[in-house]
Each structure stands twice: as structure tokens, then as C-alpha cells.
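Working notes for the structure below.
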Amino acid sequence: MPNLPNDAHQLRAAVVVNPTKIDQARLRSVLGTEERAHGWAESLWFVTSADDDGRAAARAARDARPSVVLVAGGDGTLRVVAEELRGTGTPVALVPSGTGNLFARNLGLPLGDLVRSVRAGFGGTDRPIDVWLADLTDPSGTTTSHAFLVMTGIGLDASMAADTNAWVKKRLGWVAYSDPIARSVIGNRQIPVHYGIDDGPLRSMSAHTIIVGNCGTLTAGILLLPAARPDDGILDAVAFRPAGWFGWTKVGYALTLNRFFARTRFGRLLARVLPTSRALRYTRARTLRLTVDTPERVQLDGDAFGEVVAVSLTTHHHGLVLRTEPV
């Protein structure tokens, strides 16, 4: 660990590094350049471990009380850091280094540009974003709490996270998900789900997949949740309810047009007059409760969390400070 600076008020960064995702030597070199340029002390360095999903490194970085925490990793590493730093007020800057990098893509953060990403941590602009909290109840009745920033899902979404080989994901990116997608579409298994929105009563439906998100865009640029915003305190949810093969064509059609409907004036006008798709059912909520009749897999920000029988989602509105490039 580097020596403490002589000036107690000298700024210092902490860096949480997923060693499987980035060239550490190059990252150290870029950090050194930015430290000298901004007059900061030598950064603290915390390497994640697969044994604890990086939690020890995130907690050590939090406890060091740095001026900013740089996260060199993917959505999973960022999720753990957000879980530990939420509510502290310590800014977090992301150096995207994962496979999907959905959080970075949704917020327009630089991808593949290490210098820009690191520089933002030293001289960027701070903005508050929401941290969503998931209480997951497993088949034994044990409930654990976890944070997420991008999306959580049951059904196809969770199967993709659990069944896609990490080695294949690293080398093929989003194409690696084609096999679990194809198998899930062919099977078209519907899940009986009971859900409650905010303070409303429990209702029931069947769905192939349910995805709840704080960000709207999926891998390959597919806009799934057009109204999702990372800082509005509201969760956006969609249920996939295709009726056979023809129903999947409706899902594909709707997803293809989402960006047009959401991002153009003419598209927004058409969306008001065209009938909504029954294959994709949307809702928005500040809290959401889900229970299933039989255990189902669940994922948070691309990481598999096993099987659950109940999920409760709440928000820590503006719970995390994100540091990005100056506007």
C-alpha cells in the first residue's frame, strides 16, 4: 500500500480492480499520469477476489475514505461496489472493462478508452443515481439483500446469466447468448407469477420472462425499457408473454420499433394511437413484489443468484454518486 500523503487534505483515489478484466500495468501507468497532472496522492489499489465476488475489495476501498473510487471491471464489479458505497456520498467512477458493460452503454460512458475513463475520475462531474435493492427469498425461506444498477430478471434473462459460459462471453460478447436464447424461445415455458405494484394488491399472470430495470438498453443496443432512467426513483418492468411462435414475432417487432417510438417525434405520435402489444406488457413502480409457484432462477446485473420463490424490489433514490466526464 502506498504511503499516506504529507498533506492530510491531499486528494487520493481508491481503485477497485477486477484482475481478469483489464491490463493492470497499463491502468497503473495511466493512473500515475493523472495523479501527477492533478496533484493527487498515489492511489490505493484493491484487487477483487472470486472467492467473495469482490466484496472485500469494495469494503476496503470504502473504509479508506478516498476522494473517489474508480471501478475497473464490468457490471458485476460495479454492482458490488455500489452495494458497499451507497449512502456514503463517495463518488464512483467507472473504467468499463467487462463483457456487456450495459451500465456504461446506457449512460454513454466511454468504452475502450482507458485514458478518458480514468481522467473522468480525477476531474469529472458528479451526479446522483438510484441504487435498487432486491430482497431474494430462496426455496428454504432464507432472504438475502443485494443491490443492482442495471436490470434484474426471472426466466430467459436469468437463464442467459446462468447458462452462458464465461469464456465464450469474453470472446464472443453478446453473440454468446444466442444458444440460451434459442433454447428458451423454442421451449416457450410460461411461469405463473404473482405480483404487487407499490401498495396495490397481489395479482397473477403467466409470463415467459420478467425483466425489471433502472436502465433501458440491452446488449446489441436493443431498447427494452424505453422510459427507464437511472435517477428518477422509478423501476420499469416488462413481462414477455408470447403466445407460441407467432407471439415471438410480435416480441421481435415491438423491440425493433421501441427506439423509433421513444426517440423520434413521429414515433411518439404513432405510439399514442397504435394498440399496445400483448406480447410485451409494461409497468412502472417504486416498489415491486414478485412470487412464483415453483423456484425460478434470478439474475442481478448479469450475475446469477440461484433460485428464488419471492423477490421484493425497492429503491435507494439517489443512493450513489457517479462521477463522469464533464458535460
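Each chain in the C-alpha cells gets a letter, A, B, ..., in the order shown, and its residues are numbered from 1; ligands are numbered from 1 in order too.
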
Worksheet entry | Who sits within 9 Å of Arg116 of chain A, only C-alpha atoms, same chain under 4 positions skipped, as a list in words |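 Near neighbours after the sequence-gap exclusion: Val95, Pro110, Ala120, Gly121 and Glu325 of chain A.
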
Write the residues of the selection above to a file with N, CA and C atoms, as a short mmCIF file (atom, residue, chain, number, x, y, z; two decimals), in the first residue's frame.
data_model
loop_
_atom_site.label_atom_id
_atom_site.label_comp_id
_atom_site.auth_asym_id
_atom_site.auth_seq_id
_atom_site.Cartn_x
_atom_site.Cartn_y
_atom_site.Cartn_z
N VAL A 95 -14.40 2.53 -14.96
CA VAL A 95 -13.49 2.22 -16.07
C VAL A 95 -14.01 0.93 -16.69
N PRO A 110 -17.49 6.43 -21.84
CA PRO A 110 -16.54 5.98 -22.87
C PRO A 110 -16.18 4.51 -22.71
N ALA A 120 -11.74 11.04 -16.08
CA ALA A 120 -13.04 11.47 -15.54
C ALA A 120 -13.08 11.29 -14.03
N GLY A 121 -12.42 10.26 -13.52
CA GLY A 121 -12.40 10.04 -12.08
C GLY A 121 -11.69 11.15 -11.32
N GLU A 325 -17.41 12.17 -17.16
CA GLU A 325 -16.74 13.26 -17.86
C GLU A 325 -17.55 14.55 -17.76
#

When you look at Leu280 of chain A with a cut-off of 12 Å (counting only C-alpha atoms), what residues show up, excluding the ones that are within fewer than 4 positions of it in the same chain? I need them as a ChimeraX atom specification.
/A:207-211,224-225,237-243,247-255,258,275-276

Those residues with C-alpha atoms, as a compact mmCIF listing (two decimals), in the first residue's frame please?
# COMPACT_ATOMS: atom_id res chain seq x y z
CA ALA A 207 -45.06 -14.91 -18.36
CA HIS A 208 -42.07 -16.35 -20.15
CA THR A 209 -39.67 -13.73 -18.76
CA ILE A 210 -39.88 -10.73 -16.45
CA ILE A 211 -37.22 -8.01 -16.54
CA LEU A 224 -36.19 -2.88 -23.95
CA LEU A 225 -37.41 -0.31 -21.39
CA ALA A 237 -40.74 -3.61 -15.73
CA VAL A 238 -41.71 -5.70 -18.73
CA ALA A 239 -43.28 -9.14 -18.93
CA PHE A 240 -42.68 -11.25 -22.04
CA ARG A 241 -45.96 -13.06 -22.79
CA PRO A 242 -45.63 -14.55 -26.27
CA ALA A 243 -48.33 -16.97 -27.41
CA GLY A 247 -46.07 -14.36 -30.31
CA TRP A 248 -42.28 -14.24 -30.52
CA THR A 249 -42.51 -12.44 -33.86
CA LYS A 250 -44.62 -9.81 -32.08
CA VAL A 251 -41.96 -9.51 -29.38
CA GLY A 252 -39.28 -9.02 -32.02
CA TYR A 253 -41.39 -6.49 -33.89
CA ALA A 254 -42.07 -4.48 -30.73
CA LEU A 255 -38.42 -4.46 -29.64
CA ASN A 258 -39.07 0.67 -29.45
CA PRO A 275 -52.53 -0.59 -29.94
CA THR A 276 -50.05 -1.83 -27.34

Notebook entry, point to check: Could you pull out the strand (DSSP E or B) residues of segment 180-287 of chain A from DSSP and send them as number ranges by chain?
Noted result: A: 191-197, 203-207, 209-213, 217, 223, 235-240, 280-285

note - atom CA of Ile234 of chain A and atom CA of Thr287 of chain A are separated by 8.2 Å

Residue with the minimum atom-to-atom distance to Thr125 of chain A, picked from A:Gly100, A:Pro91, A:Gly153, A:Gly74 with only C-alpha atoms counted, is A:Pro91

Do a neighbour search on segment 129-145 of chain A at 7 Å with only C-alpha atoms, toss out local chain neighbours closer than 5 positions, and write the hits as a ChimeraX atom specification. /A:230-231,233,295,307-322

Within 7 Å of Val150 of chain A, counting only C-alpha atoms, which residues show up once you throw out same-chain ones fewer than 5 positions away? Write them as an mmCIF file with N, CA and C atoms, in the first residue's frame, please.
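Writing done, so here's part07.cif:
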data_model
loop_
_atom_site.group_PDB
_atom_site.id
_atom_site.type_symbol
_atom_site.label_atom_id
_atom_site.label_comp_id
_atom_site.auth_asym_id
_atom_site.auth_seq_id
_atom_site.Cartn_x
_atom_site.Cartn_y
_atom_site.Cartn_z
ATOM 1 N N PHE A 103 -24.226 -0.899 -18.056
ATOM 2 C CA PHE A 103 -24.358 0.357 -17.338
ATOM 3 C C PHE A 103 -23.638 1.471 -18.095
ATOM 4 N N GLY A 213 -35.901 -2.987 -14.657
ATOM 5 C CA GLY A 213 -34.657 -2.269 -14.893
ATOM 6 C C GLY A 213 -34.630 -0.833 -14.446
ATOM 7 N N ASN A 214 -33.417 -0.385 -14.197
ATOM 8 C CA ASN A 214 -33.101 1.007 -13.906
ATOM 9 C C ASN A 214 -32.503 1.667 -15.138
ATOM 10 N N CYS A 215 -32.118 0.838 -16.118
ATOM 11 C CA CYS A 215 -31.612 1.274 -17.417
ATOM 12 C C CYS A 215 -32.393 0.527 -18.489
ATOM 13 N N ASP A 301 -27.903 -7.662 -12.645
ATOM 14 C CA ASP A 301 -26.829 -7.051 -13.437
ATOM 15 C C ASP A 301 -25.935 -8.085 -14.103
#

message = I want to know what sits within 9 Å of Thr324 of chain A, based on only C-alpha atoms, with residues of the same chain fewer than 2 positions away left out; could you give that as number ranges by chain?
response = A: 92-94, 109, 117, 120-121, 123-127, 322, 326-327

Could you save those same residues with C-alpha atoms as a PDB file, in the first residue's frame?
ATOM      1  CA  VAL A  92     -17.697   6.316  -8.035  1.00  0.00           C
ATOM      2  CA  ALA A  93     -16.106   6.488 -11.498  1.00  0.00           C
ATOM      3  CA  LEU A  94     -16.297   3.544 -13.883  1.00  0.00           C
ATOM      4  CA  LEU A 109     -19.690   6.439 -20.743  1.00  0.00           C
ATOM      5  CA  SER A 117     -12.298   6.888 -18.206  1.00  0.00           C
ATOM      6  CA  ALA A 120     -13.036  11.465 -15.536  1.00  0.00           C
ATOM      7  CA  GLY A 121     -12.396  10.040 -12.084  1.00  0.00           C
ATOM      8  CA  GLY A 123     -11.699  15.776 -12.883  1.00  0.00           C
ATOM      9  CA  GLY A 124     -15.221  14.765 -13.781  1.00  0.00           C
ATOM     10  CA  THR A 125     -18.716  15.904 -12.815  1.00  0.00           C
ATOM     11  CA  ASP A 126     -20.745  14.258 -10.054  1.00  0.00           C
ATOM     12  CA  ARG A 127     -24.396  13.224 -10.441  1.00  0.00           C
ATOM     13  CA  LEU A 322     -21.493   8.762 -10.098  1.00  0.00           C
ATOM     14  CA  PRO A 326     -17.626  16.979 -17.636  1.00  0.00           C
ATOM     15  CA  VAL A 327     -20.557  17.878 -19.854  1.00  0.00           C
TER      16      VAL A 327
END

Counting only C-alpha atoms, the residue among A:Arg12, A:Thr88, A:Val71, A:Met205 that lies closest to Arg281 of chain A is A:Met205

Leaving out Val15 of chain A and any residue of its chain fewer than 2 positions from it, which residues lie within 12 Å of it when counting only C-alpha atoms, given as a PyMOL selection string? chain A and resi 1+12-13+17-19+24+27-28+31+42-48+57-62+64-73+77-78+81+91-95+118+121-122

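Atom CA of Lys21 of chain A lies 8.6 Å from atom CA of Thr99 of chain A.
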
Self-check item: Backbone DSSP call of alpha helix (DSSP H) for segment 85-300 of chain A, listed as a PyMOL selection string
Solution: chain A and resi 85+102-107+114-123+156-163+166-172+178-187+244-263+265-273

- Task: Could you please determine the separation between atom CA of Leu269 of chain A and atom CA of Thr256 of chain A in Å, to one decimal place?
- Result: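 Interatomic distance here is 16.8 Å.
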
Practice prompt. Compile the contact shell of Thr217 of chain A as a PyMOL selection string: residues with an atom at most 8 Å away, counting only C-alpha atoms, same-chain residues fewer than 2 positions apart removed.
Written response: chain A and resi 102+105-106+215+219+221-226

May I have the residues from that selection written out with C-alpha atoms, as a CSV table (one decimal), in the first residue's frame?
chain,number,residue,atom,x,y,z
A,102,LEU,CA,-24.6,-2.3,-20.0
A,105,ARG,CA,-23.5,1.9,-22.5
A,106,ASN,CA,-26.8,3.1,-21.1
A,215,CYS,CA,-31.6,1.3,-17.4
A,219,THR,CA,-26.8,-5.9,-25.3
A,221,GLY,CA,-28.4,-1.9,-28.5
A,222,ILE,CA,-31.9,-3.3,-28.1
A,223,LEU,CA,-34.1,-0.8,-26.3
A,224,LEU,CA,-36.2,-2.9,-23.9
A,225,LEU,CA,-37.4,-0.3,-21.4
A,226,PRO,CA,-37.9,3.0,-23.2

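Minimum distance to Arg55 of chain A across A:Ala41, A:Leu11, A:Val16, A:Val30 (counting only C-alpha atoms) occurs at A:Val16.
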